[in-house]
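coords-v9.pdb follows (PDB, C-alpha atoms):
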```
ATOM      1  CA  MET A 210       0.000   0.000   0.000
ATOM      2  CA  PRO A 211       1.538   3.292  -1.003
ATOM      3  CA  VAL A 212       1.696   5.851   1.747
ATOM      4  CA  GLU A 213      -0.587   8.644   0.606
ATOM      5  CA  ASN A 214      -2.207   9.887   3.795
ATOM      6  CA  TYR A 215       0.530  11.220   6.037
ATOM      7  CA  ASP A 216      -2.043  12.557   8.535
ATOM      8  CA  GLN A 217      -3.369   9.065   9.190
ATOM      9  CA  LEU A 218       0.139   7.645   9.399
ATOM     10  CA  HIS A 219       1.219  10.443  11.727
ATOM     11  CA  ARG A 220      -1.767   9.750  14.030
ATOM     12  CA  LEU A 221      -0.816   6.071  14.120
ATOM     13  CA  HIS A 222       2.774   7.004  14.990
ATOM     14  CA  GLN A 223       1.517   9.274  17.781
ATOM     15  CA  GLU A 224      -0.589   6.401  19.117
ATOM     16  CA  TRP A 225       2.436   4.099  19.011
ATOM     17  CA  LYS A 226       4.556   6.653  20.863
ATOM     18  CA  LYS A 227       1.894   7.009  23.539
ATOM     19  CA  ASP A 228       1.623   3.204  23.895
ATOM     20  CA  LEU A 229       5.389   2.809  24.060
ATOM     21  CA  LEU A 230       5.711   5.486  26.742
ATOM     22  CA  LEU A 231       2.967   3.778  28.764
ATOM     23  CA  ASN A 232       4.798   0.467  28.357
ATOM     24  CA  GLU A 233       7.974   2.143  29.547
ATOM     25  CA  LYS A 234       6.175   3.285  32.715
ATOM     26  CA  GLU A 235       4.784  -0.204  33.233
ATOM     27  CA  ILE A 236       8.254  -1.704  32.834
ATOM     28  CA  LYS A 237       9.505   0.676  35.530
ATOM     29  CA  SER A 238       6.633  -0.328  37.802
ATOM     30  CA  LEU A 239       7.235  -4.036  37.223
ATOM     31  CA  THR A 240      10.938  -3.534  37.909
ATOM     32  CA  GLU A 241      10.106  -1.872  41.238
ATOM     33  CA  GLU A 242       7.737  -4.735  42.135
ATOM     34  CA  LEU A 243      10.433  -7.224  41.209
ATOM     35  CA  THR A 244      12.941  -5.431  43.438
ATOM     36  CA  GLU A 245      10.529  -5.778  46.353
ATOM     37  CA  LEU A 246       9.970  -9.468  45.583
ATOM     38  CA  ALA A 247      13.719 -10.065  45.333
ATOM     39  CA  ALA A 248      14.144  -8.778  48.875
ATOM     40  CA  GLN A 249      12.161 -11.768  50.153
ATOM     41  CA  ARG A 250      13.729 -15.031  51.149
ATOM     42  CA  LEU A 251      13.807 -16.978  47.867
ATOM     43  CA  ASN A 252      14.894 -20.474  46.949
ATOM     44  CA  ASN A 253      17.268 -21.037  44.028
ATOM     45  CA  ASP A 254      14.485 -21.544  41.476
ATOM     46  CA  GLN A 255      12.714 -18.377  42.590
ATOM     47  CA  ALA A 256      15.962 -16.406  42.524
ATOM     48  CA  ALA A 257      16.591 -17.648  38.985
ATOM     49  CA  LYS A 258      13.100 -16.500  38.000
ATOM     50  CA  VAL A 259      13.794 -13.064  39.481
ATOM     51  CA  GLU A 260      16.961 -12.832  37.391
ATOM     52  CA  HIS A 261      15.005 -13.946  34.304
ATOM     53  CA  PHE A 262      12.464 -11.163  34.863
ATOM     54  CA  GLN A 263      15.187  -8.594  35.521
ATOM     55  CA  ASN A 264      16.869  -9.460  32.222
ATOM     56  CA  SER A 265      13.558  -9.549  30.353
ATOM     57  CA  LEU A 266      12.498  -6.154  31.660
ATOM     58  CA  ILE A 267      15.867  -4.625  30.768
ATOM     59  CA  ARG A 268      15.490  -6.019  27.255
ATOM     60  CA  LYS A 269      11.906  -4.767  26.946
ATOM     61  CA  LYS A 270      13.056  -1.273  27.901
ATOM     62  CA  GLU A 271      15.737  -1.433  25.198
ATOM     63  CA  VAL A 272      13.139  -2.537  22.638
ATOM     64  CA  VAL A 273      10.830   0.322  23.651
ATOM     65  CA  ASN A 274      13.688   2.791  23.106
ATOM     66  CA  ASP A 275      14.531   1.249  19.720
ATOM     67  CA  LEU A 276      10.900   1.357  18.605
ATOM     68  CA  LEU A 277      10.534   4.971  19.722
ATOM     69  CA  GLN A 278      13.592   5.876  17.647
ATOM     70  CA  GLN A 279      12.110   4.123  14.601
ATOM     71  CA  VAL A 280       8.780   5.940  15.004
ATOM     72  CA  ILE A 281      10.637   9.247  15.255
ATOM     73  CA  LYS A 282      12.602   8.321  12.131
ATOM     74  CA  GLY A 283       9.327   7.672  10.298
ATOM     75  CA  ASP A 284       7.927  11.016  11.427
ATOM     76  CA  LYS A 285      11.076  12.752  10.232
ATOM     77  CA  MET A 286      10.830  11.022   6.853
ATOM     78  CA  MET A 287       7.239  12.238   6.467
ATOM     79  CA  SER A 288       8.234  15.810   7.250
ATOM     80  CA  GLU A 289      10.987  15.940   4.630
ATOM     81  CA  ASP A 290      10.090  17.186   1.169
ATOM     82  CA  THR A 291      12.317  14.556  -0.377
ATOM     83  CA  SER A 292      10.781  11.634   1.512
ATOM     84  CA  ASP A 293      10.843   8.358  -0.387
ATOM     85  CA  ASN A 294       7.391   6.753  -0.321
ATOM     86  CA  ALA A 295       8.781   3.250  -0.860
ATOM     87  CA  GLN A 296      11.283   3.621   1.966
ATOM     88  CA  LEU A 297       8.619   5.085   4.259
ATOM     89  CA  HIS A 298       6.273   2.238   3.347
ATOM     90  CA  MET A 299       8.944  -0.356   4.188
ATOM     91  CA  LEU A 300       9.716   1.360   7.508
ATOM     92  CA  HIS A 301       6.026   1.558   8.368
ATOM     93  CA  ASN A 302       5.441  -2.145   7.605
ATOM     94  CA  LYS A 303       8.466  -3.157   9.678
ATOM     95  CA  LEU A 304       7.318  -0.919  12.530
ATOM     96  CA  GLN A 305       3.827  -2.410  12.386
ATOM     97  CA  ASP A 306       5.276  -5.928  12.615
ATOM     98  CA  ASP A 307       7.686  -4.929  15.377
ATOM     99  CA  MET A 308       4.942  -3.212  17.388
ATOM    100  CA  ASP A 309       2.655  -6.249  17.054
ATOM    101  CA  THR A 310       5.464  -8.580  18.134
ATOM    102  CA  PHE A 311       6.453  -6.344  21.053
ATOM    103  CA  ASP A 312       2.844  -6.113  22.255
ATOM    104  CA  ARG A 313       2.390  -9.884  22.096
ATOM    105  CA  LEU A 314       5.651 -10.644  23.909
ATOM    106  CA  PHE A 315       5.082  -7.952  26.541
ATOM    107  CA  ILE A 316       1.625  -9.336  27.305
ATOM    108  CA  GLU A 317       3.151 -12.814  27.681
ATOM    109  CA  LEU A 318       5.867 -11.479  30.008
ATOM    110  CA  ARG A 319       3.305  -9.556  32.075
ATOM    111  CA  GLU A 320       1.179 -12.707  32.495
ATOM    112  CA  GLU A 321       4.235 -14.798  33.371
ATOM    113  CA  PHE A 322       5.226 -12.190  35.972
ATOM    114  CA  LYS A 323       1.726 -12.190  37.493
ATOM    115  CA  GLY A 324       1.902 -15.986  37.783
ATOM    116  CA  PHE A 325       5.277 -15.754  39.466
ATOM    117  CA  LYS A 326       3.960 -13.205  41.983
ATOM    118  CA  ARG A 327       1.007 -15.477  42.777
ATOM    119  CA  SER A 328       3.368 -18.395  43.327
ATOM    120  CA  LEU A 329       5.218 -16.420  45.996
ATOM    121  CA  LEU A 330       2.058 -15.716  48.014
TER
END
```
Here is the file; what I need is its structure written in the form of structure tokens.
Amino acid sequence: MPVENYDQLHRLHQEWKKDLLLNEKEIKSLTEELTELAAQRLNNDQAAKVEHFQNSLIRKKEVVNDLLQQVIKGDKMMSEDTSDNAQLHMLHNKLQDDMDTFDRLFIELREEFKGFKRSLL
């Protein structure tokens, strides 16, 4: 699909930015919860799970930052008079796939974390 409606694309990018910033806040909140859980007396398996979640949350934060940079790049491309529609289209499709994948994996991680918290109660 050729990119013809920059307004619609820009609105989608703004929505993605908002979602990514909300995810970033949630990652911070989950990290704080994990820090509190890690202060408890944990067995080796539980400690390994804490480390798994710490690493996963660090990685999710990196992905959020990468995705934000890509969205900003797309916005910049739209604002340039010399923007290449084909290149913008490819970036948009990749971003759409990456956002969908991130959302799916973040939901899975969130559910896994909730299960872990329940197991500690």
> Using all atoms listed in the file, which of the listed residues (A:Leu229, A:Met299, A:Gln255, A:Asp312) sits closest to Leu243 in chain A?
Replying inline: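 Selected residue with least distance to Leu243 in chain A: A:Gln255.
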Pull out every residue that the PyMOL selection byres ((chain A and resi 278-294) around 8) matches in the shown coordinates and put them as an mmCIF file with C-alpha atoms, in the coordinates of the input.
```
data_model
loop_
_atom_site.group_PDB
_atom_site.id
_atom_site.type_symbol
_atom_site.label_atom_id
_atom_site.label_comp_id
_atom_site.auth_asym_id
_atom_site.auth_seq_id
_atom_site.Cartn_x
_atom_site.Cartn_y
_atom_site.Cartn_z
ATOM 1 C CA PRO A 211 1.538 3.292 -1.003
ATOM 2 C CA VAL A 212 1.696 5.851 1.747
ATOM 3 C CA TYR A 215 0.530 11.220 6.037
ATOM 4 C CA HIS A 219 1.219 10.443 11.727
ATOM 5 C CA HIS A 222 2.774 7.004 14.990
ATOM 6 C CA TRP A 225 2.436 4.099 19.011
ATOM 7 C CA LYS A 226 4.556 6.653 20.863
ATOM 8 C CA ASN A 274 13.688 2.791 23.106
ATOM 9 C CA ASP A 275 14.531 1.249 19.720
ATOM 10 C CA LEU A 276 10.900 1.357 18.605
ATOM 11 C CA LEU A 277 10.534 4.971 19.722
ATOM 12 C CA ALA A 295 8.781 3.250 -0.860
ATOM 13 C CA GLN A 296 11.283 3.621 1.966
ATOM 14 C CA LEU A 297 8.619 5.085 4.259
ATOM 15 C CA HIS A 298 6.273 2.238 3.347
ATOM 16 C CA LEU A 300 9.716 1.360 7.508
ATOM 17 C CA HIS A 301 6.026 1.558 8.368
ATOM 18 C CA LEU A 304 7.318 -0.919 12.530
#
```
>> With all atoms listed in the file as the counted atoms, please give the residues lying no more than 10 Å from Gln249 in chain A, apart from itself and same-chain residues fewer than 5 positions off, as number ranges by chain.
In response: A: 244, 256, 329
> Distance CA of Phe325 in chain A-CA of Phe262 in chain A, one decimal place?
Replying inline: 9.7 Å
> Between CA of Lys323 in chain A and CA of Ile236 in chain A, what is the distance, to one decimal in Å?
Replying inline: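 For CA of Lys323 in chain A relative to CA of Ile236 in chain A, the distance reads 13.2 Å.
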>> On this structure, the PyMOL selection byres ((chain A and resi 240) around 12) would catch which residues? List them as a PyMOL selection string, sorted by chain and number.
In response: chain A and resi 233-239+241-247+259-270+319+322
Writer output for current selection, C-alpha atoms, as a CSV table (one decimal), keeping the file's coordinate frame:
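The result, stored in again_36.csv:
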```
chain,number,residue,atom,x,y,z
A,233,GLU,CA,8.0,2.1,29.5
A,234,LYS,CA,6.2,3.3,32.7
A,235,GLU,CA,4.8,-0.2,33.2
A,236,ILE,CA,8.3,-1.7,32.8
A,237,LYS,CA,9.5,0.7,35.5
A,238,SER,CA,6.6,-0.3,37.8
A,239,LEU,CA,7.2,-4.0,37.2
A,241,GLU,CA,10.1,-1.9,41.2
A,242,GLU,CA,7.7,-4.7,42.1
A,243,LEU,CA,10.4,-7.2,41.2
A,244,THR,CA,12.9,-5.4,43.4
A,245,GLU,CA,10.5,-5.8,46.4
A,246,LEU,CA,10.0,-9.5,45.6
A,247,ALA,CA,13.7,-10.1,45.3
A,259,VAL,CA,13.8,-13.1,39.5
A,260,GLU,CA,17.0,-12.8,37.4
A,261,HIS,CA,15.0,-13.9,34.3
A,262,PHE,CA,12.5,-11.2,34.9
A,263,GLN,CA,15.2,-8.6,35.5
A,264,ASN,CA,16.9,-9.5,32.2
A,265,SER,CA,13.6,-9.5,30.4
A,266,LEU,CA,12.5,-6.2,31.7
A,267,ILE,CA,15.9,-4.6,30.8
A,268,ARG,CA,15.5,-6.0,27.3
A,269,LYS,CA,11.9,-4.8,26.9
A,270,LYS,CA,13.1,-1.3,27.9
A,319,ARG,CA,3.3,-9.6,32.1
A,322,PHE,CA,5.2,-12.2,36.0
```
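Going from CA of Glu320 in chain A to CA of Gln223 in chain A covers 26.5 Å.
Taking only C-alpha atoms into account, Leu251 in chain A lies nearest to A:Leu330 out of the set A:Leu314, A:Leu330, A:Met308, A:Leu231.
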